[in-house]
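One file, model-v1.cif, is given below (mmCIF, C-alpha atoms).
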```
data_protein
loop_
_atom_site.group_PDB
_atom_site.id
_atom_site.type_symbol
_atom_site.label_atom_id
_atom_site.label_comp_id
_atom_site.auth_asym_id
_atom_site.auth_seq_id
_atom_site.Cartn_x
_atom_site.Cartn_y
_atom_site.Cartn_z
ATOM 1 C CA MET J 3 0.208 -49.257 -15.814
ATOM 2 C CA ALA J 4 0.943 -46.631 -18.478
ATOM 3 C CA ASP J 5 1.091 -43.793 -15.933
ATOM 4 C CA GLN J 6 4.005 -45.571 -14.253
ATOM 5 C CA VAL J 7 6.017 -46.268 -17.419
ATOM 6 C CA ARG J 8 9.081 -44.161 -18.121
ATOM 7 C CA ALA J 9 9.856 -43.729 -21.805
ATOM 8 C CA THR J 10 12.785 -42.237 -23.653
ATOM 9 C CA VAL J 11 12.445 -41.127 -27.266
ATOM 10 C CA ILE J 12 15.792 -40.884 -29.056
ATOM 11 C CA THR J 13 15.897 -39.107 -32.408
ATOM 12 C CA VAL J 14 18.868 -40.308 -34.428
ATOM 13 C CA SER J 15 19.862 -37.669 -36.965
ATOM 14 C CA ASP J 16 23.036 -35.823 -37.840
ATOM 15 C CA ARG J 17 21.044 -32.858 -39.148
ATOM 16 C CA CYS J 18 18.805 -32.571 -36.088
ATOM 17 C CA ALA J 19 21.736 -33.040 -33.706
ATOM 18 C CA ASN J 20 23.610 -30.243 -35.512
ATOM 19 C CA GLY J 21 20.605 -27.895 -35.513
ATOM 20 C CA VAL J 22 20.288 -27.933 -39.301
ATOM 21 C CA ARG J 23 16.830 -29.523 -39.235
ATOM 22 C CA GLU J 24 14.042 -29.344 -36.698
ATOM 23 C CA ASP J 25 13.231 -32.666 -35.036
ATOM 24 C CA ARG J 26 9.559 -33.311 -35.747
ATOM 25 C CA SER J 27 9.333 -37.073 -35.240
ATOM 26 C CA GLY J 28 10.732 -37.232 -31.697
ATOM 27 C CA PRO J 29 8.355 -34.605 -30.307
ATOM 28 C CA GLU J 30 5.408 -36.295 -32.072
ATOM 29 C CA ALA J 31 6.292 -39.639 -30.494
ATOM 30 C CA ALA J 32 6.689 -37.932 -27.111
ATOM 31 C CA ARG J 33 3.333 -36.171 -27.489
ATOM 32 C CA ARG J 34 1.531 -39.426 -28.240
ATOM 33 C CA LEU J 35 3.245 -41.309 -25.418
ATOM 34 C CA THR J 36 2.538 -38.476 -22.973
ATOM 35 C CA GLU J 37 -1.135 -38.496 -23.998
ATOM 36 C CA ALA J 38 -1.132 -42.235 -23.240
ATOM 37 C CA GLY J 39 0.122 -41.489 -19.708
ATOM 38 C CA TYR J 40 3.833 -42.152 -20.051
ATOM 39 C CA ALA J 41 6.559 -40.035 -18.443
ATOM 40 C CA VAL J 42 8.668 -39.122 -21.487
ATOM 41 C CA GLU J 43 12.167 -37.788 -22.029
ATOM 42 C CA VAL J 44 13.326 -36.768 -25.515
ATOM 43 C CA GLN J 45 16.880 -36.585 -26.771
ATOM 44 C CA VAL J 46 18.657 -36.193 -30.096
ATOM 45 C CA VAL J 47 21.887 -37.955 -31.039
ATOM 46 C CA PRO J 48 23.897 -37.982 -34.267
ATOM 47 C CA ASP J 49 23.707 -40.964 -36.574
ATOM 48 C CA GLY J 50 26.049 -43.857 -35.893
ATOM 49 C CA ALA J 51 25.913 -47.266 -34.268
ATOM 50 C CA ASP J 52 28.001 -46.217 -31.261
ATOM 51 C CA ASN J 53 25.819 -43.160 -30.572
ATOM 52 C CA VAL J 54 22.674 -45.281 -30.718
ATOM 53 C CA ALA J 55 24.026 -48.080 -28.512
ATOM 54 C CA ASP J 56 25.315 -45.571 -25.963
ATOM 55 C CA ALA J 57 22.041 -43.603 -25.880
ATOM 56 C CA ILE J 58 19.925 -46.735 -25.429
ATOM 57 C CA THR J 59 22.219 -48.070 -22.717
ATOM 58 C CA ALA J 60 22.122 -44.724 -20.881
ATOM 59 C CA ALA J 61 18.318 -44.509 -21.158
ATOM 60 C CA VAL J 62 17.849 -48.022 -19.783
ATOM 61 C CA GLY J 63 20.417 -47.309 -17.069
ATOM 62 C CA SER J 64 18.454 -44.236 -16.006
ATOM 63 C CA GLY J 65 15.236 -46.232 -15.657
ATOM 64 C CA ALA J 66 13.517 -46.036 -19.036
ATOM 65 C CA GLN J 67 11.186 -48.981 -19.542
ATOM 66 C CA LEU J 68 10.340 -48.087 -23.143
ATOM 67 C CA VAL J 69 12.986 -46.744 -25.505
ATOM 68 C CA LEU J 70 11.778 -45.631 -28.915
ATOM 69 C CA THR J 71 14.321 -44.486 -31.453
ATOM 70 C CA SER J 72 13.355 -42.449 -34.496
ATOM 71 C CA GLY J 73 15.497 -42.348 -37.618
ATOM 72 C CA GLY J 74 18.529 -44.068 -39.043
ATOM 73 C CA THR J 75 16.656 -47.182 -40.188
ATOM 74 C CA GLY J 76 16.999 -46.711 -43.951
ATOM 75 C CA VAL J 77 19.684 -47.811 -46.367
ATOM 76 C CA GLY J 78 21.824 -44.658 -46.396
ATOM 77 C CA PRO J 79 25.493 -44.836 -45.440
ATOM 78 C CA ARG J 80 24.884 -43.235 -42.002
ATOM 79 C CA ASP J 81 21.687 -45.203 -41.272
ATOM 80 C CA LEU J 82 23.087 -47.427 -38.527
ATOM 81 C CA THR J 83 20.372 -47.351 -35.888
ATOM 82 C CA PRO J 84 19.553 -51.085 -36.255
ATOM 83 C CA GLU J 85 23.215 -51.990 -35.917
ATOM 84 C CA GLY J 86 23.624 -49.935 -32.736
ATOM 85 C CA THR J 87 20.372 -51.235 -31.316
ATOM 86 C CA SER J 88 21.253 -54.846 -32.077
ATOM 87 C CA ARG J 89 24.436 -54.466 -30.003
ATOM 88 C CA VAL J 90 22.407 -53.933 -26.842
ATOM 89 C CA LEU J 91 19.349 -56.133 -27.417
ATOM 90 C CA GLU J 92 19.165 -59.298 -25.347
ATOM 91 C CA LYS J 93 16.036 -60.715 -26.977
ATOM 92 C CA VAL J 94 14.947 -59.735 -30.474
ATOM 93 C CA LEU J 95 11.223 -59.342 -31.159
ATOM 94 C CA PRO J 96 11.064 -59.475 -34.978
ATOM 95 C CA GLY J 97 7.264 -59.459 -35.099
ATOM 96 C CA VAL J 98 7.162 -55.940 -33.645
ATOM 97 C CA ALA J 99 9.453 -54.528 -36.326
ATOM 98 C CA GLU J 100 7.496 -56.365 -39.023
ATOM 99 C CA ALA J 101 4.191 -54.994 -37.705
ATOM 100 C CA ILE J 102 5.578 -51.451 -37.878
ATOM 101 C CA ARG J 103 6.703 -51.987 -41.483
ATOM 102 C CA ARG J 104 3.337 -53.489 -42.470
ATOM 103 C CA ARG J 105 1.359 -50.696 -40.819
ATOM 104 C CA ASP J 106 1.807 -48.282 -43.748
ATOM 105 C CA GLU J 107 2.688 -50.584 -46.660
ATOM 106 C CA ALA J 108 -0.376 -49.628 -48.709
ATOM 107 C CA THR J 109 0.244 -45.884 -48.544
ATOM 108 C CA VAL J 110 4.036 -45.804 -48.131
ATOM 109 C CA PRO J 111 5.590 -48.521 -50.339
ATOM 110 C CA THR J 112 9.102 -47.569 -49.180
ATOM 111 C CA SER J 113 8.237 -48.744 -45.657
ATOM 112 C CA ALA J 114 9.393 -52.166 -46.872
ATOM 113 C CA LEU J 115 12.938 -50.748 -46.942
ATOM 114 C CA GLY J 116 12.938 -50.000 -43.220
ATOM 115 C CA ARG J 117 15.502 -51.996 -41.276
ATOM 116 C CA GLY J 118 14.321 -51.195 -37.757
ATOM 117 C CA VAL J 119 14.560 -53.817 -35.030
ATOM 118 C CA ALA J 120 12.834 -54.299 -31.685
ATOM 119 C CA GLY J 121 13.550 -56.284 -28.574
ATOM 120 C CA THR J 122 14.484 -56.136 -24.937
ATOM 121 C CA CYS J 123 17.448 -54.656 -23.123
ATOM 122 C CA GLY J 124 17.490 -55.337 -19.409
ATOM 123 C CA SER J 125 14.045 -54.424 -18.141
ATOM 124 C CA ALA J 126 13.216 -52.234 -21.144
ATOM 125 C CA PHE J 127 11.319 -52.656 -24.404
ATOM 126 C CA VAL J 128 13.369 -51.089 -27.227
ATOM 127 C CA VAL J 129 11.890 -50.231 -30.627
ATOM 128 C CA ASN J 130 13.317 -48.570 -33.740
ATOM 129 C CA ALA J 131 10.894 -46.357 -35.659
ATOM 130 C CA PRO J 132 11.411 -44.668 -39.014
ATOM 131 C CA GLY J 133 12.460 -41.020 -38.893
ATOM 132 C CA SER J 134 9.325 -39.618 -40.483
ATOM 133 C CA VAL J 135 6.388 -38.324 -38.467
ATOM 134 C CA GLY J 136 4.129 -40.889 -40.146
ATOM 135 C CA GLY J 137 6.567 -43.685 -39.398
ATOM 136 C CA VAL J 138 6.765 -42.705 -35.734
ATOM 137 C CA VAL J 139 2.984 -42.510 -35.475
ATOM 138 C CA ALA J 140 2.713 -46.020 -36.954
ATOM 139 C CA ALA J 141 5.348 -47.316 -34.534
ATOM 140 C CA VAL J 142 3.653 -45.807 -31.490
ATOM 141 C CA GLU J 143 0.300 -47.248 -32.595
ATOM 142 C CA VAL J 144 1.852 -50.712 -32.912
ATOM 143 C CA VAL J 145 3.818 -50.508 -29.662
ATOM 144 C CA LEU J 146 1.296 -49.025 -27.222
ATOM 145 C CA PRO J 147 -0.891 -52.153 -26.958
ATOM 146 C CA LEU J 148 2.217 -54.291 -26.371
ATOM 147 C CA VAL J 149 4.095 -52.358 -23.680
ATOM 148 C CA ALA J 150 2.229 -53.597 -20.600
ATOM 149 C CA HIS J 151 2.551 -57.231 -21.677
ATOM 150 C CA VAL J 152 6.247 -56.952 -22.571
ATOM 151 C CA LEU J 153 7.073 -55.217 -19.286
ATOM 152 C CA SER J 154 5.082 -57.807 -17.340
ATOM 153 C CA GLN J 155 7.004 -60.571 -19.068
ATOM 154 C CA LEU J 156 10.332 -58.881 -18.345
ATOM 155 C CA ASP J 157 9.263 -58.703 -14.698
ATOM 156 C CA GLY J 158 8.602 -62.465 -14.663
ATOM 157 C CA GLY J 159 4.868 -62.299 -15.276
ATOM 158 C CA ASP J 160 2.853 -65.138 -16.746
ATOM 159 C CA HIS J 161 1.710 -65.270 -20.354
#
```
How does the structure come out when it is put into structure tokens?
Amino acid sequence: MADQVRATVITVSDRCANGVREDRSGPEAARRLTEAGYAVEVQVVPDGADNVADAITAAVGSGAQLVLTSGGTGVGPRDLTPEGTSRVLEKVLPGVAEAIRRRDEATVPTSALGRGVAGTCGSAFVVNAPGSVGGVVAAVEVVLPLVAHVLSQLDGGDH
């Protein structure tokens, strides 16, 4: 099924959007998803709840079945990715976000501060990942085994 799944990776960062910093997490997520057989599009948007909600909505509207955001999940004043994502989620999947946070607890104690959310929007699985390369790797590792089941469920499949 993975070779049929369309994914959009959205990096949420003022600095990356303005060309001040190179986006490393988005391309890493895209590389890993591509290696797993997904058709991947990458985009960068500035921080802000509206930007995130609009980007997710556009990605789902263009056929993305997996939307992975990277960045904006911390406690800084511009970290509003969870708020923007929550606006468009229809069903929240808190266990996914918790699994991502737990993935690196032993080596990255600050992962407990991550506020990322996950859930469904239309026929898509939407997941917030931290903005670090390590955080994105952890998120992809958690999400990959779940995608086929989530998409089957969204399509009316049996448990």
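Using only C-alpha atoms, the protein and nucleic acid residues lying no more than 10 Å from J:Gly121, apart from those fewer than 6 places from it along its own chain, are J:Thr87, J:Ser88, J:Val90, J:Leu91, J:Glu92, J:Lys93, J:Val94, J:Leu95, J:Pro96, J:Gly97, J:Val98, J:Ala99, J:Phe127, J:Val128, J:Val129, J:Asn130, J:Val152.
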Output C-alpha atoms of each residue in that selection to a file, as a compact mmCIF listing (two decimals), keeping the file's coordinate frame.
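Output file again.txt follows:
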```
# COMPACT_ATOMS: atom_id res chain seq x y z
CA THR J 87 20.37 -51.24 -31.32
CA SER J 88 21.25 -54.85 -32.08
CA VAL J 90 22.41 -53.93 -26.84
CA LEU J 91 19.35 -56.13 -27.42
CA GLU J 92 19.16 -59.30 -25.35
CA LYS J 93 16.04 -60.72 -26.98
CA VAL J 94 14.95 -59.74 -30.47
CA LEU J 95 11.22 -59.34 -31.16
CA PRO J 96 11.06 -59.48 -34.98
CA GLY J 97 7.26 -59.46 -35.10
CA VAL J 98 7.16 -55.94 -33.65
CA ALA J 99 9.45 -54.53 -36.33
CA PHE J 127 11.32 -52.66 -24.40
CA VAL J 128 13.37 -51.09 -27.23
CA VAL J 129 11.89 -50.23 -30.63
CA ASN J 130 13.32 -48.57 -33.74
CA VAL J 152 6.25 -56.95 -22.57
```
- prompt: Which one of J:Val69, J:Leu146, J:Ser125, J:Ala131 sits closest to J:Gly158 if you count only C-alpha atoms?
  reply: J:Ser125
Closest pair table for stretch 89-156 of chain J residues within 8 Å of stretch 29-39 of chain J, all atoms listed in the file, as CSV:
```
residue,atom,partner,partner_atom,distance
J:Val135,CA,J:Glu30,CA,6.8
J:Val138,CA,J:Ala31,CA,6.1
J:Val139,CA,J:Ala31,CA,6.6
J:Val142,CA,J:Ala31,CA,6.8
```
message: For a test of reading the model, state the distance in Å between atom CA of J:Gly118 and atom CA of J:Ile102, rounded to one decimal.
response: 8.7 Å
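Of the residues listed (J:Pro48, J:Gly116, J:Gly159, J:Pro147), J:Gly116 shows the shortest atom-to-atom separation from J:Thr75; distances use all atoms listed in the file.
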- line: Judged by all atoms listed in the file, the minimum distance to J:Ile58 among J:Ser27, J:Val14, J:Gln6, J:Tyr40 is found for J:Val14
task: Select, from J:Ala9, J:Ala61, J:Ala101, J:Ala51, the residue with the minimum atom-to-atom distance to J:Gly73, counting all atoms listed in the file.
output: J:Ala51
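Straight-line separation from atom CA of J:Asp160 to atom CA of J:Thr59: 26.5 Å.
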- prompt: Could you spell out the hits of the PyMOL selection byres ((chain J and resi 65) around 9) on the shown file, as a ChimeraX atom specification?
  reply: /J:8-9,60-64,66-67,125-126
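In this structure, atom CA of J:Leu148 sits 14.9 Å away from atom CA of J:Arg105.
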- prompt: Any chance you could work out the residue set of the PyMOL selection byres ((chain J and resi 85) around 12) here, as number ranges by chain?
  reply: J: 49-55, 74-77, 80-84, 86-91, 117-120, 130
- prompt: So which residues fall inside 12 Å of (10.2, -48.0, -49.4) if we count all atoms listed in the file? Mind giving them as a list in words?
  reply: Thr75, Gly76, Val77, Arg103, Arg104, Asp106, Glu107, Ala108, Thr109, Val110, Pro111, Thr112, Ser113, Ala114, Leu115, Gly116, Arg117, Pro132 and Gly137 of chain J
task: Show which residues sit within 9 Å of J:Gly28, as number ranges by chain. Count all atoms listed in the file, and ignore same-chain residues fewer than 6 positions away.
output: J: 11-13, 44-46, 70-72, 133, 135, 138
Enclose stretch 110-120 of chain J, meaning all of its atoms listed in the file, in a box aligned along x, y and z, pad it by 6 Å on each side, and list the centre and edge lengths in Å to one decimal, as JSON.
```
{"center_x": 9.8, "center_y": -50.1, "center_z": -41.0, "size_x": 23.5, "size_y": 20.5, "size_z": 30.7}
```
